[in-house]
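Coordinates as given in query_1.tsv (TSV, C-alpha atoms):
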```tsv
chain	number	residue	atom	x	y	z
A	484	MET	CA	-34.85	-13.10	-37.99
A	485	LYS	CA	-32.83	-10.56	-39.93
A	486	SER	CA	-32.96	-8.17	-36.98
A	487	VAL	CA	-31.57	-10.87	-34.67
A	488	VAL	CA	-28.70	-11.61	-37.05
A	489	LEU	CA	-27.98	-7.87	-37.34
A	490	LEU	CA	-27.94	-7.47	-33.56
A	491	ILE	CA	-25.51	-10.39	-33.13
A	492	SER	CA	-23.26	-8.92	-35.82
A	493	LEU	CA	-23.19	-5.54	-34.07
A	494	VAL	CA	-22.33	-7.14	-30.71
A	495	LEU	CA	-19.48	-9.15	-32.24
A	496	ALA	CA	-18.14	-6.09	-34.04
A	497	PHE	CA	-18.25	-4.02	-30.83
A	498	SER	CA	-16.48	-6.74	-28.88
A	499	SER	CA	-13.79	-7.05	-31.53
A	500	SER	CA	-13.29	-3.27	-31.48
A	501	CYS	CA	-12.88	-3.21	-27.69
A	502	ALA	CA	-10.39	-6.07	-27.79
A	503	THR	CA	-8.38	-4.26	-30.44
A	504	THR	CA	-8.21	-0.87	-28.73
A	505	THR	CA	-7.61	-2.09	-25.18
A	506	PRO	CA	-5.12	-5.00	-25.27
A	507	ASN	CA	-4.01	-6.64	-22.04
A	508	PRO	CA	-0.69	-5.17	-20.94
A	509	LEU	CA	2.25	-7.57	-20.77
A	510	LEU	CA	3.97	-7.97	-17.44
A	511	HIS	CA	7.74	-7.64	-17.72
A	512	VAL	CA	9.73	-9.76	-15.29
A	513	VAL	CA	12.61	-8.29	-13.30
A	514	ARG	CA	15.98	-9.97	-13.83
A	515	ASP	CA	19.20	-10.14	-11.84
A	516	ILE	CA	22.67	-9.48	-13.27
A	517	ASP	CA	22.84	-13.06	-14.56
A	518	GLY	CA	19.60	-12.68	-16.50
A	519	GLU	CA	17.59	-14.86	-14.13
A	520	ILE	CA	14.07	-13.85	-13.08
A	521	LEU	CA	13.72	-12.49	-9.55
A	522	ARG	CA	11.61	-14.75	-7.32
A	523	SER	CA	9.83	-14.15	-4.04
A	524	ASP	CA	11.54	-17.13	-2.35
A	525	THR	CA	15.08	-15.98	-3.16
A	526	ARG	CA	17.34	-13.40	-1.50
A	527	TYR	CA	19.02	-10.60	-3.45
A	528	PHE	CA	21.58	-7.88	-2.85
A	529	VAL	CA	20.38	-4.47	-4.05
A	530	VAL	CA	23.54	-2.87	-5.42
A	531	SER	CA	24.34	0.44	-7.03
A	532	PRO	CA	27.31	-0.31	-9.33
A	533	GLY	CA	30.41	1.41	-8.04
A	534	ASN	CA	28.64	2.81	-4.97
A	535	GLY	CA	27.94	-0.17	-2.71
A	536	GLY	CA	24.82	-2.05	-1.66
A	537	VAL	CA	21.79	-1.42	0.52
A	538	THR	CA	21.94	-2.40	4.18
A	539	ARG	CA	20.62	-1.49	7.63
A	540	GLY	CA	22.16	1.37	9.56
A	541	PRO	CA	21.60	3.18	12.86
A	542	THR	CA	20.68	6.80	13.33
A	543	MET	CA	23.98	7.81	14.85
A	544	ASN	CA	23.39	11.31	16.29
A	545	GLY	CA	26.82	10.95	17.83
A	546	ALA	CA	25.68	8.17	20.19
A	547	ARG	CA	26.79	4.64	19.36
A	548	HIS	CA	25.13	3.32	22.54
A	549	ASP	CA	21.68	4.21	21.25
A	550	ALA	CA	19.29	1.23	21.18
A	551	ASN	CA	18.92	1.51	17.41
A	552	PHE	CA	22.59	0.57	17.06
A	553	VAL	CA	21.71	-2.99	18.21
A	554	CYS	CA	18.82	-3.33	15.73
A	555	PRO	CA	19.41	-0.49	13.26
A	556	PHE	CA	16.28	0.61	11.48
A	557	GLN	CA	17.48	2.97	8.74
A	558	VAL	CA	17.86	1.87	5.11
A	559	VAL	CA	21.31	3.05	4.06
A	560	MET	CA	24.03	2.56	1.49
A	561	SER	CA	27.01	0.43	2.47
A	562	ARG	CA	30.29	2.04	1.48
A	563	PHE	CA	32.33	-1.15	1.36
A	564	ASN	CA	30.32	-4.19	0.21
A	565	LYS	CA	27.15	-5.53	-1.40
A	566	GLY	CA	25.12	-4.79	1.71
A	567	THR	CA	22.44	-6.99	3.28
A	568	PRO	CA	20.24	-9.24	1.09
A	569	VAL	CA	16.50	-8.70	0.87
A	570	TYR	CA	13.35	-10.58	-0.08
A	571	PHE	CA	10.78	-9.10	-2.47
A	572	LYS	CA	7.27	-10.17	-1.44
A	573	PRO	CA	4.48	-9.37	-3.97
A	574	LYS	CA	1.12	-8.06	-2.82
A	575	ALA	CA	-0.51	-10.89	-4.80
A	576	PRO	CA	-0.09	-13.88	-2.43
A	577	LYS	CA	0.42	-16.53	-5.12
A	578	GLN	CA	2.80	-14.49	-7.29
A	579	GLU	CA	6.26	-16.06	-7.37
A	580	GLU	CA	8.02	-14.10	-10.11
A	581	ILE	CA	8.77	-10.43	-9.50
A	582	THR	CA	7.43	-8.20	-12.25
A	583	GLU	CA	7.96	-4.55	-13.07
A	584	SER	CA	5.43	-2.03	-11.73
A	585	SER	CA	3.85	-4.52	-9.30
A	586	ASP	CA	3.66	-3.79	-5.58
A	587	VAL	CA	6.14	-5.59	-3.33
A	588	ASN	CA	7.18	-5.48	0.30
A	589	ILE	CA	10.96	-5.36	0.71
A	590	GLU	CA	12.33	-7.19	3.76
A	591	PHE	CA	15.92	-7.44	4.95
A	592	TYR	CA	17.18	-10.96	5.57
A	593	LEU	CA	18.74	-11.82	8.91
A	594	GLY	CA	20.47	-15.09	9.75
A	595	ASN	CA	18.49	-15.17	12.99
A	596	PRO	CA	15.14	-13.38	12.47
A	597	THR	CA	14.38	-13.35	16.21
A	598	VAL	CA	17.22	-10.89	16.91
A	599	CYS	CA	15.58	-7.96	15.12
A	600	ASN	CA	11.97	-8.08	14.01
A	601	ASN	CA	11.95	-4.68	12.31
A	602	ASN	CA	12.99	-5.81	8.82
A	603	VAL	CA	10.33	-4.47	6.41
A	604	TRP	CA	10.92	-1.25	4.47
A	605	LEU	CA	8.66	1.70	5.23
A	606	VAL	CA	8.42	5.33	4.11
A	607	GLU	CA	8.68	7.15	7.43
A	608	GLY	CA	6.16	9.91	8.06
A	609	PHE	CA	3.98	9.13	5.05
A	610	PRO	CA	1.79	10.96	4.27
A	611	GLY	CA	3.69	14.09	5.19
A	612	ASN	CA	5.60	17.07	3.91
A	613	GLU	CA	9.14	16.21	5.01
A	614	ILE	CA	11.94	16.79	2.49
A	615	PRO	CA	13.54	14.32	2.14
A	616	MET	CA	11.33	11.51	3.44
A	617	PHE	CA	13.56	8.69	4.68
A	618	LEU	CA	13.07	4.92	4.48
A	619	SER	CA	13.23	2.76	7.60
A	620	THR	CA	12.65	-0.88	8.53
A	621	ASN	CA	9.71	-0.22	10.84
A	622	GLY	CA	7.13	-1.61	8.42
A	623	GLN	CA	4.80	-4.58	8.64
A	624	ALA	CA	4.60	-7.02	5.74
A	625	GLY	CA	1.49	-8.24	3.99
A	626	ASN	CA	-0.87	-5.39	4.90
A	627	PRO	CA	-2.47	-4.10	1.67
A	628	LEU	CA	-3.89	-1.06	3.47
A	629	ASN	CA	-0.51	0.23	4.64
A	630	VAL	CA	0.53	1.98	1.45
A	631	ALA	CA	3.78	3.22	3.05
A	632	THR	CA	5.24	-0.33	2.88
A	633	TRP	CA	4.66	-1.07	-0.82
A	634	PHE	CA	7.25	-0.34	-3.49
A	635	GLN	CA	7.75	-1.07	-7.18
A	636	ILE	CA	10.67	-1.92	-9.43
A	637	LYS	CA	10.87	-0.23	-12.82
A	638	LYS	CA	13.35	-0.56	-15.66
A	639	ALA	CA	15.61	2.50	-15.77
A	640	ASN	CA	17.81	1.66	-18.78
A	641	ASP	CA	19.39	-1.31	-20.52
A	642	PHE	CA	21.61	-2.05	-17.55
A	643	SER	CA	19.76	-1.10	-14.37
A	644	TYR	CA	16.48	-0.66	-12.50
A	645	LYS	CA	15.11	1.88	-10.06
A	646	LEU	CA	12.96	1.53	-6.96
A	647	VAL	CA	9.85	3.71	-6.87
A	648	PHE	CA	7.00	4.54	-4.51
A	649	CYS	CA	3.50	4.79	-6.04
A	650	PRO	CA	1.03	5.21	-3.15
A	651	TYR	CA	-1.83	6.47	-5.30
A	652	GLY	CA	-1.35	4.39	-8.43
A	653	GLU	CA	0.80	4.54	-11.53
A	654	HIS	CA	-0.01	8.19	-12.30
A	655	ILE	CA	1.88	9.44	-9.22
A	656	CYS	CA	5.25	7.77	-8.54
A	657	SER	CA	8.38	9.02	-6.79
A	658	ASP	CA	11.85	7.66	-7.45
A	659	ILE	CA	13.86	6.53	-4.45
A	660	GLY	CA	17.15	8.39	-4.18
A	661	ILE	CA	20.05	8.90	-1.78
A	662	ALA	CA	20.21	11.65	0.84
A	663	ASP	CA	22.71	12.41	3.58
A	664	GLY	CA	21.30	12.03	7.07
A	665	SER	CA	22.85	11.48	10.49
A	666	GLY	CA	26.21	10.74	8.95
A	667	GLU	CA	24.84	8.06	6.60
A	668	ARG	CA	23.79	7.88	2.96
A	669	ARG	CA	20.15	7.02	3.47
A	670	LEU	CA	17.52	5.93	0.97
A	671	ALA	CA	14.77	8.50	0.74
A	672	LEU	CA	12.01	10.09	-1.33
A	673	ARG	CA	12.01	13.69	-2.53
A	674	THR	CA	15.70	13.82	-3.29
A	675	GLU	CA	17.37	15.39	-6.31
A	676	ASN	CA	18.68	12.07	-7.60
A	677	THR	CA	17.52	8.60	-8.56
A	678	PHE	CA	18.99	5.44	-7.07
A	679	TYR	CA	19.88	3.09	-9.96
A	680	VAL	CA	20.42	-0.53	-8.96
A	681	VAL	CA	21.08	-4.07	-10.11
A	682	PHE	CA	20.16	-7.27	-8.28
A	683	ILE	CA	22.63	-9.98	-7.30
A	684	LYS	CA	21.36	-13.34	-6.06
A	685	ASP	CA	22.52	-14.30	-2.57
A	686	THR	CA	23.82	-17.86	-2.95
A	687	ASN	CA	24.93	-18.23	0.68
A	688	ILE	CA	23.23	-20.91	2.76
A	689	GLY	CA	21.07	-19.52	5.53
A	690	ILE	CA	17.74	-19.52	7.31
A	691	LYS	CA	14.84	-18.32	5.21
A	692	SER	CA	13.42	-15.07	6.56
A	693	ILE	CA	9.86	-15.35	7.82
A	694	ILE	CA	7.13	-12.82	6.99
```

Show the structure stored in the file as structure tokens.
Amino acid sequence: MKSVVLLISLVLAFSSSCATTTPNPLLHVVRDIDGEILRSDTRYFVVSPGNGGVTRGPTMNGARHDANFVCPFQVVMSRFNKGTPVYFKPKAPKQEEITESSDVNIEFYLGNPTVCNNNVWLVEGFPGNEIPMFLSTNGQAGNPLNVATWFQIKKANDFSYKLVFCPYGEHICSDIGIADGSGERRLALRTENTFYVVFIKDTNIGIKSII
């Protein structure tokens, strides 16, 4: 009987030790400039204070008649306004609040989604050795196996966040920055800068984008 009591005591002590040394990490929610939590069913402008917002842009190459000018597929910085709003769609299907360091698809909103169906952010050429490695909207949402379409939001400082790409887990992440390409300021990996952003809720009435 004493041996049974001793065994139970050892098991409880071991369990208590494990619980103490490996606490469950807290998930920090992402907030917009008004302090409200970002949600998967709400549109947001991704804005770099003083530098404009994120939008779609064509690869110019000196030819405005190129097909990509009708449905531009590059992720670029707007020089004049807040840009084009996006949805953040978590990899976890039932997750509604957007949290730091959790995988999300990023999809541009269009008033009429049937006009352009290439709306989901993608790291072009991944895996590859290009420097820089540009972002486009040629991705497909909701595919957990396509690591090139999943991004994370991390707190950068007291006032802003940064977008990162972590294809192989938290131990290897790359900040998204800005690089010049084809006459545009394009979002890219492997740049010498980090793109710091805030999120502004889009309060305009419109059709909900469909993933």

Task: Who sits within 8 Å of range 620-635 of chain A, all atoms listed in the file, same chain under 3 positions skipped, as a ChimeraX atom specification - done: /A:556-558,574,583-590,601-607,609,646-650,694

Task: Point-to-point distance from CA of Arg668 in chain A to CA of Lys645 in chain A, Å rounded to tenths - done: 16.8 Å

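Note that the spacing between CA of Tyr679 in chain A and CA of Tyr651 in chain A amounts to 22.5 Å.
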
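Among the candidates A:Phe528, A:Arg514, A:Gly611, A:Met560, the residue lying nearest to Ala662 in chain A is A:Met560 (atoms considered: all atoms listed in the file).
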
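Pairwise distance (CA of Ala671 in chain A, CA of Lys577 in chain A) equals 29.4 Å.
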
May I have the protein, DNA and RNA residues with any atom at most 6 Å from the point (14.3, -11.8, -3.0), counting only C-alpha atoms, written as an mmCIF file with C-alpha atoms, keeping the file's coordinate frame?
```cif
data_model
loop_
_atom_site.group_PDB
_atom_site.id
_atom_site.type_symbol
_atom_site.label_atom_id
_atom_site.label_comp_id
_atom_site.auth_asym_id
_atom_site.auth_seq_id
_atom_site.Cartn_x
_atom_site.Cartn_y
_atom_site.Cartn_z
ATOM 1 C CA ARG A 522 11.610 -14.750 -7.320
ATOM 2 C CA SER A 523 9.830 -14.150 -4.040
ATOM 3 C CA THR A 525 15.080 -15.980 -3.160
ATOM 4 C CA ARG A 526 17.340 -13.400 -1.500
ATOM 5 C CA TYR A 527 19.020 -10.600 -3.450
ATOM 6 C CA VAL A 569 16.500 -8.700 0.870
ATOM 7 C CA TYR A 570 13.350 -10.580 -0.080
ATOM 8 C CA PHE A 571 10.780 -9.100 -2.470
#
```

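Restricting the calculation to only C-alpha atoms, the smallest distance between Val530 in chain A and any of A:Gln578, A:Ser643, A:Ser657, A:Thr686 is found for A:Ser643.
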
TODO: Tell me, as number ranges by chain, which residues lie within 9 Å of Glu580 in chain A, counting all atoms listed in the file; anything in the same chain fewer than 4 positions away does not count.
DONE: A: 512-513, 520-523, 573
